[in-house]
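As provided, target03.cif (mmCIF, C-alpha atoms) reads as follows.
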data_protein
loop_
_atom_site.label_atom_id
_atom_site.label_comp_id
_atom_site.auth_asym_id
_atom_site.auth_seq_id
_atom_site.Cartn_x
_atom_site.Cartn_y
_atom_site.Cartn_z
CA MET A 259 -1.00 -5.19 80.28
CA ILE A 260 0.88 -8.46 80.64
CA VAL A 261 2.89 -10.13 77.89
CA ARG A 262 3.68 -13.77 78.48
CA GLU A 263 4.58 -16.87 76.53
CA ALA A 264 1.57 -18.84 75.37
CA ALA A 265 1.15 -22.56 75.95
CA LEU A 266 -1.16 -25.23 74.55
CA GLU A 267 -3.81 -24.43 77.15
CA ASP A 268 -4.06 -20.91 75.65
CA ILE A 269 -5.14 -22.14 72.20
CA GLY A 270 -8.83 -21.43 72.86
CA ARG A 271 -8.04 -17.76 73.58
CA LEU A 272 -5.42 -17.42 70.85
CA ALA A 273 -7.36 -19.00 67.99
CA PRO A 274 -9.83 -16.08 67.59
CA LEU A 275 -6.90 -13.64 67.47
CA PHE A 276 -5.09 -15.79 64.90
CA ASP A 277 -8.29 -16.04 62.86
CA GLY A 278 -8.59 -12.23 63.01
CA TYR A 279 -4.99 -11.90 61.85
CA ARG A 280 -5.68 -14.13 58.85
CA GLN A 281 -8.82 -12.16 58.00
CA PHE A 282 -6.76 -8.94 58.09
CA TYR A 283 -4.73 -10.52 55.28
CA ARG A 284 -7.90 -11.26 53.30
CA GLN A 285 -8.26 -14.93 54.20
CA PRO A 286 -11.67 -16.45 54.97
CA SER A 287 -12.51 -17.02 58.60
CA ASP A 288 -11.58 -20.52 59.75
CA PRO A 289 -11.75 -20.75 63.55
CA GLU A 290 -11.16 -24.51 63.65
CA GLY A 291 -8.26 -24.28 61.19
CA ALA A 292 -6.74 -21.49 63.31
CA ARG A 293 -7.05 -23.63 66.43
CA ARG A 294 -5.53 -26.66 64.70
CA PHE A 295 -2.63 -24.70 63.16
CA LEU A 296 -1.65 -23.10 66.46
CA ALA A 297 -1.97 -26.37 68.36
CA GLU A 298 0.25 -28.14 65.83
CA ARG A 299 2.93 -25.43 65.92
CA LEU A 300 3.01 -25.12 69.69
CA GLY A 301 2.64 -28.83 70.29
CA ALA A 302 5.60 -29.63 68.04
CA GLY A 303 7.73 -26.78 69.40
CA GLU A 304 7.81 -25.24 65.92
CA SER A 305 6.94 -21.72 67.01
CA ARG A 306 7.05 -19.43 70.01
CA VAL A 307 3.95 -17.35 70.72
CA PHE A 308 3.63 -14.46 73.12
CA VAL A 309 0.23 -13.14 74.10
CA ALA A 310 -0.72 -9.71 75.46
CA GLU A 311 -3.45 -9.71 78.09
CA THR A 312 -5.34 -7.04 79.95
CA PRO A 313 -5.18 -7.08 83.76
CA LYS A 314 -8.51 -8.97 83.66
CA GLY A 315 -6.97 -11.69 81.47
CA ARG A 316 -8.48 -10.74 78.11
CA ALA A 317 -6.15 -11.63 75.22
CA VAL A 318 -5.75 -8.53 73.02
CA GLY A 319 -2.77 -9.41 70.83
CA PHE A 320 -0.11 -11.93 69.96
CA VAL A 321 3.15 -12.39 68.15
CA GLN A 322 4.29 -15.69 66.65
CA LEU A 323 7.92 -16.41 65.80
CA PHE A 324 9.47 -19.28 63.88
CA PRO A 325 13.11 -20.33 64.31
CA SER A 326 15.53 -20.26 61.41
CA PHE A 327 19.27 -19.93 60.95
CA SER A 328 21.71 -17.67 59.15
CA SER A 329 24.39 -19.70 57.42
CA VAL A 330 26.52 -16.62 56.82
CA SER A 331 26.65 -15.62 60.50
CA MET A 332 26.25 -19.21 61.72
CA LYS A 333 23.63 -18.04 64.23
CA ARG A 334 19.97 -18.55 65.00
CA LEU A 335 17.53 -16.17 63.37
CA TRP A 336 13.90 -15.62 64.35
CA ILE A 337 11.19 -14.99 61.77
CA LEU A 338 8.58 -12.71 63.23
CA ASN A 339 5.78 -14.21 61.18
CA ASP A 340 2.59 -12.95 62.82
CA LEU A 341 1.74 -9.86 64.84
CA PHE A 342 -1.85 -8.96 65.60
CA VAL A 343 -3.61 -6.61 67.99
CA VAL A 344 -7.40 -6.46 68.23
CA PRO A 345 -8.70 -3.19 66.71
CA GLU A 346 -9.90 -1.72 70.01
CA ALA A 347 -6.45 -2.19 71.60
CA ARG A 348 -4.42 -0.65 68.77
CA LYS A 349 -2.40 2.49 69.51
CA THR A 350 -2.26 1.57 73.21
CA GLY A 351 1.25 0.09 73.26
CA VAL A 352 0.23 -3.56 72.83
CA GLY A 353 2.02 -4.00 69.50
CA ARG A 354 5.12 -2.27 70.85
CA ALA A 355 5.17 -4.54 73.92
CA LEU A 356 4.82 -7.67 71.78
CA MET A 357 7.62 -6.51 69.47
CA GLU A 358 9.83 -5.84 72.48
CA ARG A 359 9.16 -9.35 73.82
CA ALA A 360 10.12 -10.77 70.44
CA ARG A 361 13.38 -8.79 70.59
CA GLN A 362 14.03 -10.17 74.07
CA LEU A 363 13.58 -13.71 72.74
CA ALA A 364 16.30 -13.04 70.16
CA VAL A 365 18.64 -11.77 72.88
CA GLU A 366 17.83 -14.69 75.21
CA THR A 367 18.58 -17.25 72.49
CA GLY A 368 21.78 -15.59 71.24
CA ALA A 369 20.21 -14.99 67.85
CA LYS A 370 21.62 -12.81 65.11
CA GLY A 371 18.30 -11.00 65.11
CA LEU A 372 14.78 -11.03 63.78
CA ILE A 373 13.33 -10.66 60.32
CA LEU A 374 9.82 -9.93 59.15
CA GLU A 375 7.86 -8.95 56.11
CA THR A 376 4.69 -6.93 55.80
CA GLU A 377 2.58 -5.66 52.95
CA SER A 378 3.71 -2.35 51.53
CA HIS A 379 0.34 -0.72 52.31
CA ASN A 380 0.48 -1.60 56.04
CA ALA A 381 1.59 1.88 57.09
CA PRO A 382 0.77 1.57 60.83
CA ALA A 383 2.89 -1.56 61.16
CA LYS A 384 5.75 -0.09 59.14
CA THR A 385 5.73 3.01 61.36
CA LEU A 386 5.91 0.85 64.49
CA TYR A 387 8.76 -1.25 63.10
CA GLU A 388 10.79 1.80 62.13
CA ASP A 389 10.11 3.48 65.50
CA LEU A 390 11.58 0.36 67.14
CA GLY A 391 14.76 0.52 65.04
CA TRP A 392 13.92 -2.04 62.34
CA GLU A 393 15.44 -1.27 58.95
CA LEU A 394 14.73 -2.36 55.42
CA ASP A 395 17.58 -4.70 54.50
CA GLY A 396 17.82 -3.78 50.83
CA THR A 397 17.46 -7.34 49.58
CA HIS A 398 14.96 -8.60 47.07
CA HIS A 399 12.36 -10.96 48.39
CA TYR A 400 11.38 -13.73 45.99
CA GLU A 401 8.62 -16.27 46.39
CA LEU A 402 7.93 -19.51 44.55
CA ARG A 403 4.42 -20.82 45.07
CA VAL A 404 3.97 -24.56 44.59
#
Target format C-alpha cells, applied to this file:
Amino acid sequence: MIVREAALEDIGRLAPLFDGYRQFYRQPSDPEGARRFLAERLGAGESRVFVAETPKGRAVGFVQLFPSFSSVSMKRLWILNDLFVVPEARKTGVGRALMERARQLAVETGAKGLILETESHNAPAKTLYEDLGWELDGTHHYELRV
C-alpha cells in the first residue's frame, strides 16, 4: 500500500471515498457535492488530503486535515477532520498508515499536534486512536449550530 498526498487531479478517485465517509455519518449520498467540496478545499489550499492506494492504484482510504492554531502554545494545530477506509480494506493497516501520515504532517510543520473528534459509538476508530497513543483531553466539546 502507498500513502501519498492527494492533488486536484485525484478528485475523481477521492470523491467516491468522501461520499462514502459522509454516508457512514448518515448523510445522503451526494457524489457531485463531494467532488465540489474536495475541489474547493484542495484548490484553495484549505486542507491537506492523503490517500491510501493499493499497488494497482486503487484508492482505498483517505485522511483530510484542516489547519488551525493554538493560541496558548502559539503553534500550528492540525484538525484531523475525516478518516475513511473502504469496508473491504478495513483491518488491513490502511487506517493506521493514514493516521501515521497525518502525524508526520504535524511533525513536518512544527505543529503542537493533532486533534480529532469521533462519535462515541465508533468503537473501531476509538481503538485505533488509542492504540496509536491518542488520548482523550478531558475538555468539554460544545457546538453552536447556526
Could I get the residues of segment 299-340 of chain A with an atom no further than 9 Å from an atom of segment 375-390 of chain A, each paired with its nearest atom pair and that distance in Å to one decimal, using all atoms listed in the file, sorted by chain and residue number, as CSV?
residue,atom,partner,partner_atom,distance
A:Ile337,CA,A:Glu375,CA,8.9
A:Leu338,CA,A:Glu375,CA,8.1
A:Asn339,CA,A:Glu375,CA,7.6
Practice item. Go through A:Lys370, A:Arg306, A:Arg262, A:Arg294 one by one, measure the shortest atom-to-atom distance of each to Met332 of chain A using all atoms listed in the file, and give the residue with the smallest value. Key: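 Of the candidates, the smallest distance to Met332 of chain A is held by A:Lys370.
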Using only C-alpha atoms, determine which residues lie at most 10 Å from Glu267 of chain A, disregarding the query and same-chain residues fewer than 4 positions distant; provide the list as a PDB file with C-alpha atoms, in the coordinates of the input.
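Result saved to selection27.pdb:
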ATOM      1  CA  ARG A 271      -8.040 -17.760  73.580  1.00  0.00           C
ATOM      2  CA  LEU A 272      -5.420 -17.420  70.850  1.00  0.00           C
ATOM      3  CA  ALA A 297      -1.970 -26.370  68.360  1.00  0.00           C
TER       4      ALA A 297
END
Point to revise | Given the PyMOL selection byres ((chain A and resi 333) around 10), the residues it picks as a list of chain:residue names | key: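 For this structure, the PyMOL selection byres ((chain A and resi 333) around 10) resolves to A:Ser326, A:Phe327, A:Ser328, A:Ser329, A:Val330, A:Ser331, A:Met332, A:Arg334, A:Leu335, A:Thr367, A:Gly368, A:Ala369, A:Lys370, A:Gly371.
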Review point. Which residues, protein or nucleic acid, reach to within 10 Å of (-5.3, -10.0, 71.9) in the file's coordinates when using all atoms listed in the file, and can you give that as a PyMOL selection string?
Key: chain A and resi 271-272+274-276+278+309-312+315-321+341-348+352-353
Review point. A:Glu263, A:Glu304, A:Lys349, A:Tyr279: which is nearest Gln362 of chain A, counting only C-alpha atoms?
Key: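 Selected residue with least distance to Gln362 of chain A: A:Glu263.
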